[in-house]
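K.L.:
Below you'll find input17.txt; it's compact mmCIF, C-alpha atoms.
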```txt
# COMPACT_ATOMS: atom_id res chain seq x y z
CA MET G 6 -79.07 -111.87 35.17
CA GLU G 7 -82.10 -114.03 34.46
CA LYS G 8 -82.60 -112.32 31.11
CA ILE G 9 -78.97 -112.82 30.16
CA ARG G 10 -79.26 -116.52 31.06
CA VAL G 11 -82.32 -116.82 28.79
CA LEU G 12 -80.45 -114.99 26.07
CA LYS G 13 -77.52 -117.39 26.40
CA GLU G 14 -79.87 -120.37 25.98
CA ARG G 15 -81.87 -118.95 23.11
CA LEU G 16 -79.12 -117.25 21.16
CA PRO G 17 -77.92 -120.38 19.28
CA GLU G 18 -81.52 -121.11 18.20
CA TRP G 19 -81.88 -117.86 16.30
CA LYS G 20 -80.98 -118.39 12.71
CA PHE G 21 -81.49 -115.07 11.08
CA LEU G 22 -79.19 -112.13 11.44
CA ASP G 23 -82.12 -109.73 11.10
CA GLU G 24 -83.71 -111.19 14.23
CA LEU G 25 -80.49 -110.78 16.15
CA LEU G 26 -80.12 -107.19 14.99
CA LEU G 27 -83.70 -106.33 15.92
CA ASP G 28 -83.28 -107.84 19.35
CA SER G 29 -80.02 -106.03 20.02
CA GLU G 30 -81.64 -102.79 18.89
CA ALA G 31 -84.51 -103.39 21.31
CA MET G 32 -82.01 -104.08 24.10
CA LEU G 33 -80.20 -100.83 23.32
CA GLU G 34 -83.44 -98.83 23.39
CA LEU G 35 -84.37 -100.41 26.72
CA ALA G 36 -80.96 -99.57 28.15
CA GLN G 37 -81.37 -95.96 26.98
CA ILE G 38 -84.77 -95.71 28.70
CA VAL G 39 -83.28 -97.04 31.92
CA LYS G 40 -80.40 -94.52 31.61
CA LEU G 41 -82.80 -91.60 31.10
CA GLN G 42 -84.95 -92.73 34.02
CA ASP G 43 -81.82 -92.91 36.15
CA GLU G 44 -80.83 -89.36 35.16
CA TRP G 45 -84.35 -88.10 35.82
CA LEU G 46 -84.46 -89.69 39.28
CA LYS G 47 -81.01 -88.35 40.19
CA HIS G 48 -82.02 -84.86 39.10
CA ARG G 49 -85.32 -84.98 41.02
CA ALA G 50 -83.45 -86.13 44.10
CA SER G 51 -80.80 -83.39 43.78
CA SER G 52 -81.27 -79.96 45.30
CA LEU G 53 -81.14 -78.48 41.79
CA TYR G 54 -84.59 -79.83 41.03
CA ILE G 55 -87.20 -77.12 41.10
CA ASP G 56 -90.50 -77.09 39.29
CA PRO G 57 -89.84 -75.36 35.92
CA LEU G 58 -93.08 -73.38 36.26
CA LEU G 59 -91.97 -72.00 39.60
CA ILE G 60 -88.64 -70.91 38.14
CA GLN G 61 -90.35 -69.29 35.15
CA LEU G 62 -92.67 -67.40 37.43
CA LYS G 63 -89.85 -66.26 39.72
CA VAL G 64 -87.67 -65.09 36.83
CA LYS G 65 -90.61 -63.18 35.35
CA LEU G 66 -91.31 -61.43 38.63
CA LEU G 67 -87.74 -60.53 39.53
CA ALA G 68 -86.15 -57.32 38.28
CA LYS G 69 -83.07 -57.55 36.06
CA ASN G 70 -80.78 -56.14 38.74
CA GLU G 71 -82.06 -58.73 41.23
CA LEU G 72 -81.31 -61.53 38.78
CA SER G 73 -77.82 -60.22 38.10
CA GLU G 74 -77.23 -59.79 41.82
CA ALA G 75 -78.24 -63.42 42.41
CA PHE G 76 -75.74 -64.42 39.75
CA VAL G 77 -72.89 -62.29 41.11
CA LYS G 78 -73.40 -63.65 44.62
CA SER G 79 -72.93 -67.21 43.37
CA TRP G 80 -70.11 -66.33 40.97
CA HIS G 81 -66.43 -67.22 41.42
CA PRO G 82 -64.64 -65.75 38.37
CA ILE G 83 -61.66 -67.64 36.96
CA VAL G 84 -58.25 -66.07 37.50
CA GLN G 85 -56.09 -66.16 34.42
CA LEU G 86 -53.39 -64.20 32.69
CA ASP G 87 -53.47 -63.27 29.03
CA GLN G 88 -49.99 -62.62 27.76
CA ILE G 89 -47.89 -62.50 24.64
CA SER G 90 -45.15 -65.06 24.85
CA PRO G 91 -41.97 -65.00 22.73
CA LYS G 92 -43.33 -68.11 20.98
CA GLY G 93 -46.60 -66.33 20.23
CA LEU G 94 -44.72 -63.32 18.87
CA GLU G 95 -42.66 -65.59 16.65
CA ARG G 96 -45.78 -67.30 15.31
CA ALA G 97 -47.38 -63.92 14.59
CA PHE G 98 -44.26 -62.76 12.77
CA VAL G 99 -44.07 -65.93 10.65
CA TYR G 100 -47.77 -65.60 9.82
CA TRP G 101 -47.37 -61.98 8.74
CA ARG G 102 -44.21 -62.71 6.78
CA ASP G 103 -45.83 -65.59 4.85
CA LEU G 104 -49.15 -63.83 4.26
CA LEU G 105 -49.74 -63.42 0.52
CA PRO G 106 -50.91 -60.10 -0.91
CA MET G 107 -54.70 -59.85 -1.33
CA ALA G 108 -54.48 -60.19 -5.12
CA GLU G 109 -52.74 -63.58 -4.83
CA ARG G 110 -54.47 -64.98 -1.75
CA PHE G 111 -57.61 -66.32 -3.40
CA LYS G 112 -56.11 -67.15 -6.79
CA ASP G 113 -56.40 -70.91 -6.22
CA GLN G 114 -60.07 -70.78 -5.29
CA PHE G 115 -61.25 -68.18 -7.76
CA GLY G 116 -58.82 -68.55 -10.67
CA SER G 117 -58.38 -65.28 -12.51
CA TYR G 118 -60.42 -63.38 -9.91
CA GLY G 119 -58.71 -60.15 -9.17
CA THR G 120 -57.13 -59.56 -12.59
CA LYS G 121 -57.49 -56.10 -14.04
CA PRO G 122 -60.20 -55.34 -16.64
CA GLY G 123 -59.09 -55.90 -20.23
CA SER G 124 -60.54 -56.18 -23.69
CA VAL G 125 -61.99 -59.30 -25.28
CA GLY G 126 -61.59 -59.57 -29.02
CA TYR G 127 -63.93 -61.10 -31.55
CA ALA G 128 -61.65 -64.11 -32.08
CA GLU G 129 -61.45 -64.71 -28.35
CA LEU G 130 -65.23 -64.63 -27.98
CA ILE G 131 -65.55 -67.23 -30.74
CA GLU G 132 -62.92 -69.32 -29.00
CA LEU G 133 -64.79 -69.04 -25.69
CA GLY G 134 -67.96 -70.27 -27.38
CA VAL G 135 -69.93 -67.06 -26.80
CA PHE G 136 -70.52 -66.78 -30.57
CA THR G 137 -70.00 -68.87 -33.64
CA ARG G 138 -68.83 -66.95 -36.70
CA GLN G 139 -72.08 -67.61 -38.57
CA GLN G 140 -74.22 -66.60 -35.63
CA PHE G 141 -72.17 -63.46 -35.09
CA ASP G 142 -72.56 -62.35 -38.71
CA LYS G 143 -76.28 -63.12 -38.63
CA ASP G 144 -76.84 -61.25 -35.37
CA LEU G 145 -74.81 -58.30 -36.64
CA LYS G 146 -76.94 -58.12 -39.80
CA GLU G 147 -80.18 -58.36 -37.84
CA LEU G 148 -79.10 -55.58 -35.47
CA HIS G 149 -78.13 -53.35 -38.41
CA GLU G 150 -81.59 -53.94 -39.96
CA ALA G 151 -83.28 -53.13 -36.66
CA LEU G 152 -81.26 -49.92 -36.25
CA LEU G 153 -82.01 -48.91 -39.82
CA GLN G 154 -85.74 -49.34 -39.23
CA LYS G 155 -85.77 -47.60 -35.89
CA SER G 156 -83.52 -44.63 -36.69
CA ASN G 157 -84.74 -44.15 -40.28
CA GLY G 158 -82.12 -41.49 -40.88
CA ASP G 159 -82.53 -39.79 -37.51
CA TRP G 160 -80.53 -39.94 -34.29
CA ILE G 161 -82.09 -42.22 -31.67
CA ASP G 162 -81.26 -42.74 -28.01
CA TYR G 163 -78.42 -45.25 -27.62
CA GLY G 164 -79.68 -46.60 -24.27
CA GLU G 165 -83.19 -47.09 -25.63
CA PHE G 166 -81.87 -49.03 -28.59
CA ILE G 167 -79.70 -51.50 -26.70
CA LYS G 168 -82.43 -52.15 -24.10
CA ALA G 169 -83.29 -55.89 -23.83
CA ASP G 170 -85.16 -58.33 -21.59
CA SER G 171 -82.05 -59.37 -19.71
CA PHE G 172 -78.79 -57.69 -18.79
CA ALA G 173 -76.84 -60.34 -20.71
CA ALA G 174 -78.86 -59.65 -23.88
CA LYS G 175 -78.33 -55.89 -23.38
CA VAL G 176 -74.56 -56.36 -23.19
CA VAL G 177 -74.61 -58.48 -26.36
CA ARG G 178 -76.57 -55.75 -28.20
CA ALA G 179 -74.11 -53.09 -27.01
CA TYR G 180 -71.20 -55.27 -28.07
CA LEU G 181 -72.65 -55.90 -31.56
CA LEU G 182 -73.49 -52.21 -32.00
CA SER G 183 -69.89 -51.30 -31.22
CA PHE G 184 -68.86 -53.56 -34.12
CA LEU G 185 -71.32 -51.83 -36.46
CA ILE G 186 -69.97 -48.43 -35.43
CA SER G 187 -66.32 -49.50 -35.81
CA ASP G 188 -67.17 -51.00 -39.19
CA GLY G 189 -68.70 -47.73 -40.37
CA GLN G 190 -72.26 -49.12 -40.64
CA ALA G 191 -73.56 -46.94 -37.82
CA SER G 192 -72.62 -43.67 -36.21
CA LEU G 193 -72.48 -42.42 -32.65
CA ARG G 194 -72.92 -38.94 -31.20
CA THR G 195 -72.35 -37.89 -27.63
CA ASP G 196 -73.22 -34.77 -25.67
CA PRO G 197 -70.45 -34.20 -23.14
CA LEU G 198 -72.60 -31.78 -21.14
CA THR G 199 -75.64 -34.01 -20.57
CA GLY G 200 -73.83 -37.31 -21.06
CA LYS G 201 -76.50 -38.39 -23.57
CA VAL G 202 -75.55 -40.76 -26.38
CA TRP G 203 -77.33 -41.13 -29.73
CA THR G 204 -76.85 -43.57 -32.53
CA MET G 205 -77.95 -43.86 -36.13
CA ALA G 206 -77.69 -46.57 -38.78
CA LEU G 207 -75.92 -45.75 -42.05
CA ARG G 208 -77.11 -47.26 -45.34
CA GLU G 209 -73.60 -47.23 -46.74
CA LYS G 210 -70.32 -47.82 -45.03
CA VAL G 211 -68.31 -44.70 -44.30
CA GLY G 212 -64.58 -44.43 -43.89
CA GLY G 213 -62.49 -41.99 -41.92
CA VAL G 214 -60.46 -41.99 -38.75
CA PRO G 215 -62.36 -43.87 -36.02
CA LYS G 216 -62.66 -42.29 -32.59
CA SER G 217 -62.80 -44.28 -29.42
CA VAL G 218 -65.76 -43.67 -27.07
CA ALA G 219 -66.19 -45.42 -23.77
CA ILE G 220 -69.81 -46.13 -22.80
CA SER G 221 -70.70 -48.03 -19.66
CA VAL G 222 -73.60 -50.46 -19.79
CA SER G 223 -75.34 -51.01 -16.51
CA GLU G 224 -78.15 -53.24 -15.34
CA GLY G 225 -81.66 -51.78 -15.44
CA ALA G 226 -82.89 -48.81 -17.48
CA MET R 25 -30.83 -81.89 55.13
CA MET R 26 -33.21 -84.27 53.39
CA GLU R 27 -36.20 -82.37 54.73
CA THR R 28 -34.86 -79.07 53.37
CA ALA R 29 -34.39 -80.62 49.92
CA ASP R 30 -37.95 -82.03 49.96
CA LYS R 31 -39.32 -78.68 51.04
CA ALA R 32 -37.44 -76.90 48.27
CA LEU R 33 -38.71 -79.41 45.71
CA LEU R 34 -42.29 -78.99 46.93
CA GLU R 35 -42.00 -75.20 46.80
CA ARG R 36 -40.64 -75.42 43.27
CA LYS R 37 -43.51 -77.67 42.21
CA VAL R 38 -46.14 -75.45 43.84
CA ARG R 39 -44.63 -72.45 42.03
CA LYS R 40 -44.72 -74.39 38.77
CA ALA R 41 -48.35 -75.42 39.42
CA PHE R 42 -49.29 -71.76 39.91
CA GLN R 43 -47.60 -70.74 36.67
CA VAL R 44 -49.23 -73.58 34.73
CA LEU R 45 -52.67 -72.71 36.11
CA VAL R 46 -52.49 -68.96 35.68
CA LEU R 47 -50.98 -68.75 32.19
CA GLN R 48 -53.55 -69.39 29.50
CA ARG R 49 -52.36 -72.05 27.08
CA GLY R 50 -55.23 -73.00 24.82
CA ARG R 51 -58.49 -71.31 23.99
CA ASN R 52 -60.03 -72.13 27.37
CA PRO R 53 -58.62 -71.30 30.79
CA GLY R 54 -57.49 -73.99 33.20
CA VAL R 55 -55.42 -77.13 32.80
CA LYS R 56 -56.46 -80.75 32.45
CA GLY R 57 -55.31 -83.27 35.05
CA TRP R 58 -53.15 -85.21 32.60
CA GLU R 59 -51.30 -82.02 31.70
CA LEU R 60 -50.63 -81.21 35.35
CA LYS R 61 -49.35 -84.75 35.78
CA ARG R 62 -46.88 -84.12 32.97
CA HIS R 63 -45.59 -80.94 34.62
CA LEU R 64 -45.72 -81.94 38.30
CA GLY R 65 -45.59 -85.72 38.40
CA ARG R 66 -48.01 -88.35 39.74
CA GLU R 67 -48.61 -86.51 43.01
CA TYR R 68 -50.03 -83.47 41.25
CA LYS R 69 -53.29 -83.47 43.22
CA GLN R 70 -51.46 -83.04 46.52
CA ILE R 71 -49.39 -80.21 45.04
CA VAL R 72 -52.56 -78.54 43.79
CA GLU R 73 -54.05 -78.82 47.28
CA VAL R 74 -50.97 -77.14 48.78
CA LEU R 75 -51.23 -74.39 46.18
CA SER R 76 -54.91 -73.90 46.96
CA GLU R 77 -54.03 -73.33 50.63
CA ASP R 78 -51.18 -70.98 49.68
CA VAL R 79 -53.36 -68.74 47.50
CA SER R 80 -56.24 -68.73 49.98
CA PRO R 81 -55.03 -65.57 51.84
CA LEU R 82 -55.14 -63.80 48.46
CA GLY R 83 -58.82 -64.73 48.05
CA MET R 84 -58.25 -67.48 45.50
CA GLU R 85 -58.62 -71.24 45.35
CA VAL R 86 -57.88 -74.10 42.97
CA PHE R 87 -61.14 -75.58 41.75
CA GLU R 88 -61.66 -78.90 39.99
CA VAL R 89 -64.30 -79.39 37.31
CA LYS R 90 -64.88 -83.09 36.80
CA GLY R 91 -64.51 -84.41 33.24
CA PRO R 92 -66.97 -86.63 31.41
CA ASP R 93 -65.61 -89.89 32.84
CA GLY R 94 -65.08 -88.51 36.34
CA THR R 95 -61.37 -89.32 36.53
CA ASP R 96 -58.76 -86.87 37.84
CA ASP R 97 -56.87 -86.91 34.56
CA THR R 98 -59.84 -85.60 32.57
CA SER R 99 -60.76 -83.03 35.23
CA ARG R 100 -60.05 -79.37 34.52
CA PHE R 101 -58.21 -77.48 37.26
CA LEU R 102 -58.67 -73.72 37.54
CA LEU R 103 -57.69 -70.89 39.75
CA ARG R 104 -60.76 -68.89 40.77
CA PHE R 105 -62.06 -66.31 43.25
CA LYS R 106 -62.75 -67.98 46.59
CA GLU R 107 -65.55 -65.55 47.41
CA PRO R 108 -67.90 -63.94 44.90
CA PRO R 109 -67.04 -60.36 43.91
CA SER R 110 -69.22 -57.44 44.94
CA ILE R 111 -71.74 -56.01 42.48
CA SER R 112 -69.58 -52.93 41.90
CA GLU R 113 -66.51 -55.12 41.27
CA ALA R 114 -68.50 -57.18 38.76
CA GLU R 115 -69.65 -54.00 37.02
CA THR R 116 -66.11 -52.69 36.70
CA SER R 117 -65.11 -55.88 34.87
CA GLY R 118 -67.15 -54.58 31.90
CA ILE R 119 -70.04 -57.04 32.11
CA ARG R 120 -73.49 -55.52 31.69
CA ILE R 121 -76.16 -56.14 34.31
CA ASP R 122 -78.59 -57.17 31.52
CA ASP R 123 -76.16 -59.80 30.24
CA LEU R 124 -75.72 -61.28 33.72
CA ALA R 125 -79.48 -61.35 34.17
CA VAL R 126 -79.86 -63.27 30.90
CA LEU R 127 -77.25 -65.80 32.03
CA ALA R 128 -78.79 -66.20 35.49
CA SER R 129 -82.26 -66.76 33.99
CA THR R 130 -80.94 -69.23 31.42
CA ILE R 131 -78.99 -71.29 33.98
CA ALA R 132 -82.03 -71.42 36.27
CA PHE R 133 -84.35 -72.39 33.42
CA VAL R 134 -82.03 -75.06 31.96
CA ASN R 135 -81.42 -76.54 35.43
CA SER R 136 -85.14 -76.73 36.11
CA LYS R 137 -85.47 -78.69 32.85
CA GLN R 138 -83.08 -81.43 33.92
CA GLY R 139 -80.01 -79.71 32.58
CA ARG R 140 -81.08 -79.33 28.95
CA ALA R 141 -83.62 -77.27 27.09
CA ALA R 142 -84.31 -76.49 23.43
CA ARG R 143 -82.74 -73.18 22.44
CA ARG R 144 -86.02 -72.04 20.94
CA GLU R 145 -87.78 -72.72 24.24
CA VAL R 146 -85.11 -70.77 26.16
CA GLU R 147 -85.37 -67.86 23.72
CA HIS R 148 -89.14 -67.82 24.05
CA PHE R 149 -88.84 -67.83 27.84
CA LEU R 150 -86.28 -65.01 27.90
CA ARG R 151 -88.15 -62.83 25.41
CA ASP R 152 -90.78 -62.11 28.06
CA LYS R 153 -88.17 -60.11 29.89
CA PHE R 154 -85.42 -59.12 27.45
CA PRO R 155 -85.43 -57.72 23.91
CA LYS R 156 -85.06 -60.30 21.13
CA TRP R 157 -81.69 -59.01 19.89
CA ARG R 158 -80.20 -59.17 23.39
CA VAL R 159 -81.46 -62.71 23.94
CA GLU R 160 -79.88 -64.01 20.72
CA TYR R 161 -76.68 -62.04 21.15
CA SER R 162 -76.21 -63.05 24.79
CA LEU R 163 -76.96 -66.73 24.20
CA ASP R 164 -74.47 -66.88 21.31
CA ARG R 165 -71.87 -65.12 23.44
CA TYR R 166 -72.34 -67.43 26.41
CA VAL R 167 -72.15 -70.51 24.20
CA LYS R 168 -68.91 -69.16 22.75
CA ARG R 169 -67.45 -68.46 26.21
CA GLY R 170 -68.33 -71.91 27.58
CA TYR R 171 -71.07 -70.90 30.04
CA LEU R 172 -73.59 -72.78 27.92
CA GLU R 173 -73.23 -75.61 25.45
CA GLN R 174 -75.33 -76.08 22.35
CA ASP R 175 -75.49 -79.49 20.69
CA ASP R 176 -76.30 -80.36 17.10
CA ARG R 177 -79.99 -80.71 17.99
CA SER R 178 -80.01 -77.08 19.21
CA LEU R 179 -80.39 -78.17 22.82
CA LEU R 180 -78.77 -75.91 25.39
CA HIS R 181 -76.85 -77.51 28.26
CA ILE R 182 -74.98 -76.03 31.21
CA GLY R 183 -71.41 -75.41 30.00
CA TRP R 184 -68.14 -76.30 31.71
CA ARG R 185 -67.49 -72.67 32.61
CA THR R 186 -70.73 -72.39 34.56
CA ARG R 187 -69.74 -75.56 36.42
CA ALA R 188 -66.38 -73.94 37.15
CA GLU R 189 -67.49 -70.44 38.10
CA VAL R 190 -71.06 -70.61 39.32
CA ASP R 191 -72.33 -72.18 42.50
CA GLU R 192 -75.54 -73.37 40.88
CA LYS R 193 -77.26 -74.38 44.12
CA THR R 194 -76.66 -70.93 45.59
CA LEU R 195 -77.95 -69.31 42.40
CA MET R 196 -81.17 -71.34 42.41
CA THR R 197 -81.71 -70.63 46.11
CA MET R 198 -81.06 -66.90 45.61
CA ILE R 199 -83.56 -66.71 42.76
CA LEU R 200 -86.22 -68.62 44.65
CA SER R 201 -85.74 -66.77 47.91
CA ARG R 202 -85.84 -63.27 46.42
CA GLY R 203 -89.00 -61.24 46.83
CA SER R 204 -90.78 -59.71 43.88
CA LYS R 205 -90.49 -56.06 44.80
CA GLU R 206 -90.47 -54.85 41.24
CA VAL R 207 -92.48 -56.34 38.42
CA ALA R 208 -90.61 -56.11 35.16
CA PRO R 209 -92.54 -54.74 32.22
CA PRO R 210 -93.51 -57.37 29.62
```
Mind turning the file's structure into structure tokens?

P.N.:
Amino acid sequence: MEKIRVLKERLPEWKFLDELLLDSEAMLELAQIVKLQDEWLKHRASSLYIDPLLIQLKVKLLAKNELSEAFVKSWHPIVQLDQISPKGLERAFVYWRDLLPMAERFKDQFGSYGTKPGSVGYAELIELGVFTRQQFDKDLKELHEALLQKSNGDWIDYGEFIKADSFAAKVVRAYLLSFLISDGQASLRTDPLTGKVWTMALREKVGGVPKSVAISVSEGA
Amino acid sequence: MMETADKALLERKVRKAFQVLVLQRGRNPGVKGWELKRHLGREYKQIVEVLSEDVSPLGMEVFEVKGPDGTDDTSRFLLRFKEPPSISEAETSGIRIDDLAVLASTIAFVNSKQGRAARREVEHFLRDKFPKWRVEYSLDRYVKRGYLEQDDRSLLHIGWRTRAEVDEKTLMTMILSRGSKEVAPP
């Protein structure tokens, strides 16, 4: 009470808000200390207070079945009834009825996630900004040159040729090579028994009926 | 005539109180005081007392767990076993002895630390006796079921369910008074 009386007298003399805030903060901290001391004293005075070291020692020395027995002998389990009510059944039915199929459920969060695989054309890639036309032509020419040098008229391993530092670069090389093959600037040979694939650069374009070959490109070697 | 009507009304309210207490409504068992007031009227505490006497021959009682502000309205009222079950009864309820031992040790440890202890400290203490995976699994499970509470500073407190189901004084006394016949391996 004395302190509050002093506060009442002095409060109008303080001019700065900062001072007032600091003082109120100090008061709050003091009140918290008093509260903690009060809790500590109450706990020490209660019959629940036991030296933590003594408890640790006792628990260490007791067998598991003795500990569980101590628990069971002080345990009064709650009595309750779990049941399905008509309301609960109705809610479950409404939930199931309104549940979207898996393919549609996450459409909002993940956009086109879940759509089936399809093909991406050259024009679409340019539109998506993966290539510019000039860059595509340049890269295609460079890859043709590299294949010419490496194969030198012989069949070389397809996987070895498309190998790159990153998986993304490997996919780009495979994609460009497919253009060269479709355009008749390179050829492809497969062995259905071993699954091996070879490729070779052609100095002159060849015509003929193109055949479609599906080759999967995976990460790593 | 009036007395008969009053008696019938009381019986109806006691029956209602039993139904409200025994049927689980939310995630946690039991009913708050304000909810009982809504179902039974202002005199709900007296009705609950009558119910507690009525279910006593069946080995049950109505127990009150005080809320944070200590008022009747925030208290949680539950129906519970009046006497503890036997060990074999507890075992048939599907609870493992190891899990009960973890809970008993944790309650004793947290109580000895003024009702709160850092989870890491509790885990370290329990690992002397129980495998690491069991300690983590059991603590998570007991936090989920309300026997323990974990705050945002990872401090473990005694949960409302322990307050409702466990006679903590008896537990502490039992642990302290037990002899150390068998020394558990480290």

K.L.:
What does the distance from atom CA of G:Phe166 to atom CA of G:Glu132 come to in Å, to one decimal?

P.N.:
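That distance, rounded to one decimal, is 27.8 Å.
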
K.L.:
Quick one: contact table of chain G to chain R, 12 Å max, nearest atom pair and distance in Å to one decimal per residue, counting all atoms listed in the file, chain and number order, as a Markdown table?

P.N.:
```
| residue | atom | partner | partner_atom | distance |
| --- | --- | --- | --- | --- |
| G:Leu41 | CA | R:Gln138 | CA | 10.6 |
| G:Gln42 | CA | R:Gln138 | CA | 11.5 |
| G:Asp43 | CA | R:Gln138 | CA | 11.8 |
| G:Glu44 | CA | R:Gln138 | CA | 8.3 |
| G:Trp45 | CA | R:Gln138 | CA | 7.1 |
| G:Leu46 | CA | R:Gln138 | CA | 9.9 |
| G:Lys47 | CA | R:Gln138 | CA | 9.6 |
| G:His48 | CA | R:Gln138 | CA | 6.3 |
| G:Arg49 | CA | R:Gln138 | CA | 8.2 |
| G:Ala50 | CA | R:Gln138 | CA | 11.2 |
| G:Ser51 | CA | R:Lys193 | CA | 9.7 |
| G:Ser52 | CA | R:Lys193 | CA | 7.0 |
| G:Leu53 | CA | R:Lys193 | CA | 6.1 |
| G:Tyr54 | CA | R:Ser136 | CA | 5.8 |
| G:Ile55 | CA | R:Ser136 | CA | 5.4 |
| G:Asp56 | CA | R:Ser136 | CA | 6.2 |
| G:Pro57 | CA | R:Ser136 | CA | 4.9 |
| G:Leu58 | CA | R:Ser136 | CA | 8.6 |
| G:Leu59 | CA | R:Leu200 | CA | 8.4 |
| G:Ile60 | CA | R:Phe133 | CA | 6.5 |
| G:Gln61 | CA | R:Phe133 | CA | 7.0 |
| G:Leu62 | CA | R:Leu200 | CA | 9.8 |
| G:Lys63 | CA | R:Leu200 | CA | 6.6 |
| G:Val64 | CA | R:Ser129 | CA | 6.3 |
| G:Lys65 | CA | R:Lys153 | CA | 6.7 |
| G:Leu66 | CA | R:Val207 | CA | 5.2 |
| G:Leu67 | CA | R:Ser204 | CA | 5.4 |
| G:Ala68 | CA | R:Ala208 | CA | 5.6 |
| G:Lys69 | CA | R:Ala125 | CA | 5.6 |
| G:Asn70 | CA | R:Ile121 | CA | 6.4 |
| G:Glu71 | CA | R:Arg202 | CA | 7.9 |
| G:Leu72 | CA | R:Ala125 | CA | 5.0 |
| G:Ser73 | CA | R:Ala125 | CA | 4.4 |
| G:Glu74 | CA | R:Ile111 | CA | 6.7 |
| G:Ala75 | CA | R:Met198 | CA | 5.5 |
| G:Phe76 | CA | R:Ala128 | CA | 5.5 |
| G:Val77 | CA | R:Pro108 | CA | 6.5 |
| G:Lys78 | CA | R:Pro108 | CA | 5.5 |
| G:Ser79 | CA | R:Asp191 | CA | 5.1 |
| G:Trp80 | CA | R:Val190 | CA | 4.7 |
| G:His81 | CA | R:Glu189 | CA | 4.7 |
| G:Pro82 | CA | R:Glu189 | CA | 5.5 |
| G:Ile83 | CA | R:Arg104 | CA | 4.1 |
| G:Val84 | CA | R:Arg104 | CA | 5.0 |
| G:Gln85 | CA | R:Val46 | CA | 4.7 |
| G:Leu86 | CA | R:Leu47 | CA | 5.2 |
| G:Asp87 | CA | R:Gln48 | CA | 6.1 |
| G:Gln88 | CA | R:Leu47 | CA | 7.6 |
| G:Ile89 | CA | R:Gln48 | CA | 10.2 |
| G:Ser90 | CA | R:Leu47 | CA | 10.1 |
| G:Lys92 | CA | R:Arg49 | CA | 11.6 |
| G:Gly93 | CA | R:Arg49 | CA | 10.6 |
```

K.L.:
What is the distance, in Å and to one decimal place, between atom CA of G:Lys216 and atom CA of G:Ser156?

P.N.:
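Interatomic distance, atom CA of G:Lys216 to atom CA of G:Ser156: 21.4 Å.
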
K.L.:
In Å, with one decimal, what is the gap from atom CA of G:Asp196 to atom CA of G:Ala174?

P.N.:
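Result for atom CA of G:Asp196 versus atom CA of G:Ala174: 25.6 Å, one decimal.
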
K.L.:
Rank G:Trp101, G:Ala191, G:Gly200, G:Met32 by their smallest atom-to-atom distance to G:Asn157, using all atoms listed in the file, and report the top residue only.

P.N.:
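Under the stated criterion, the closest residue is G:Ala191.
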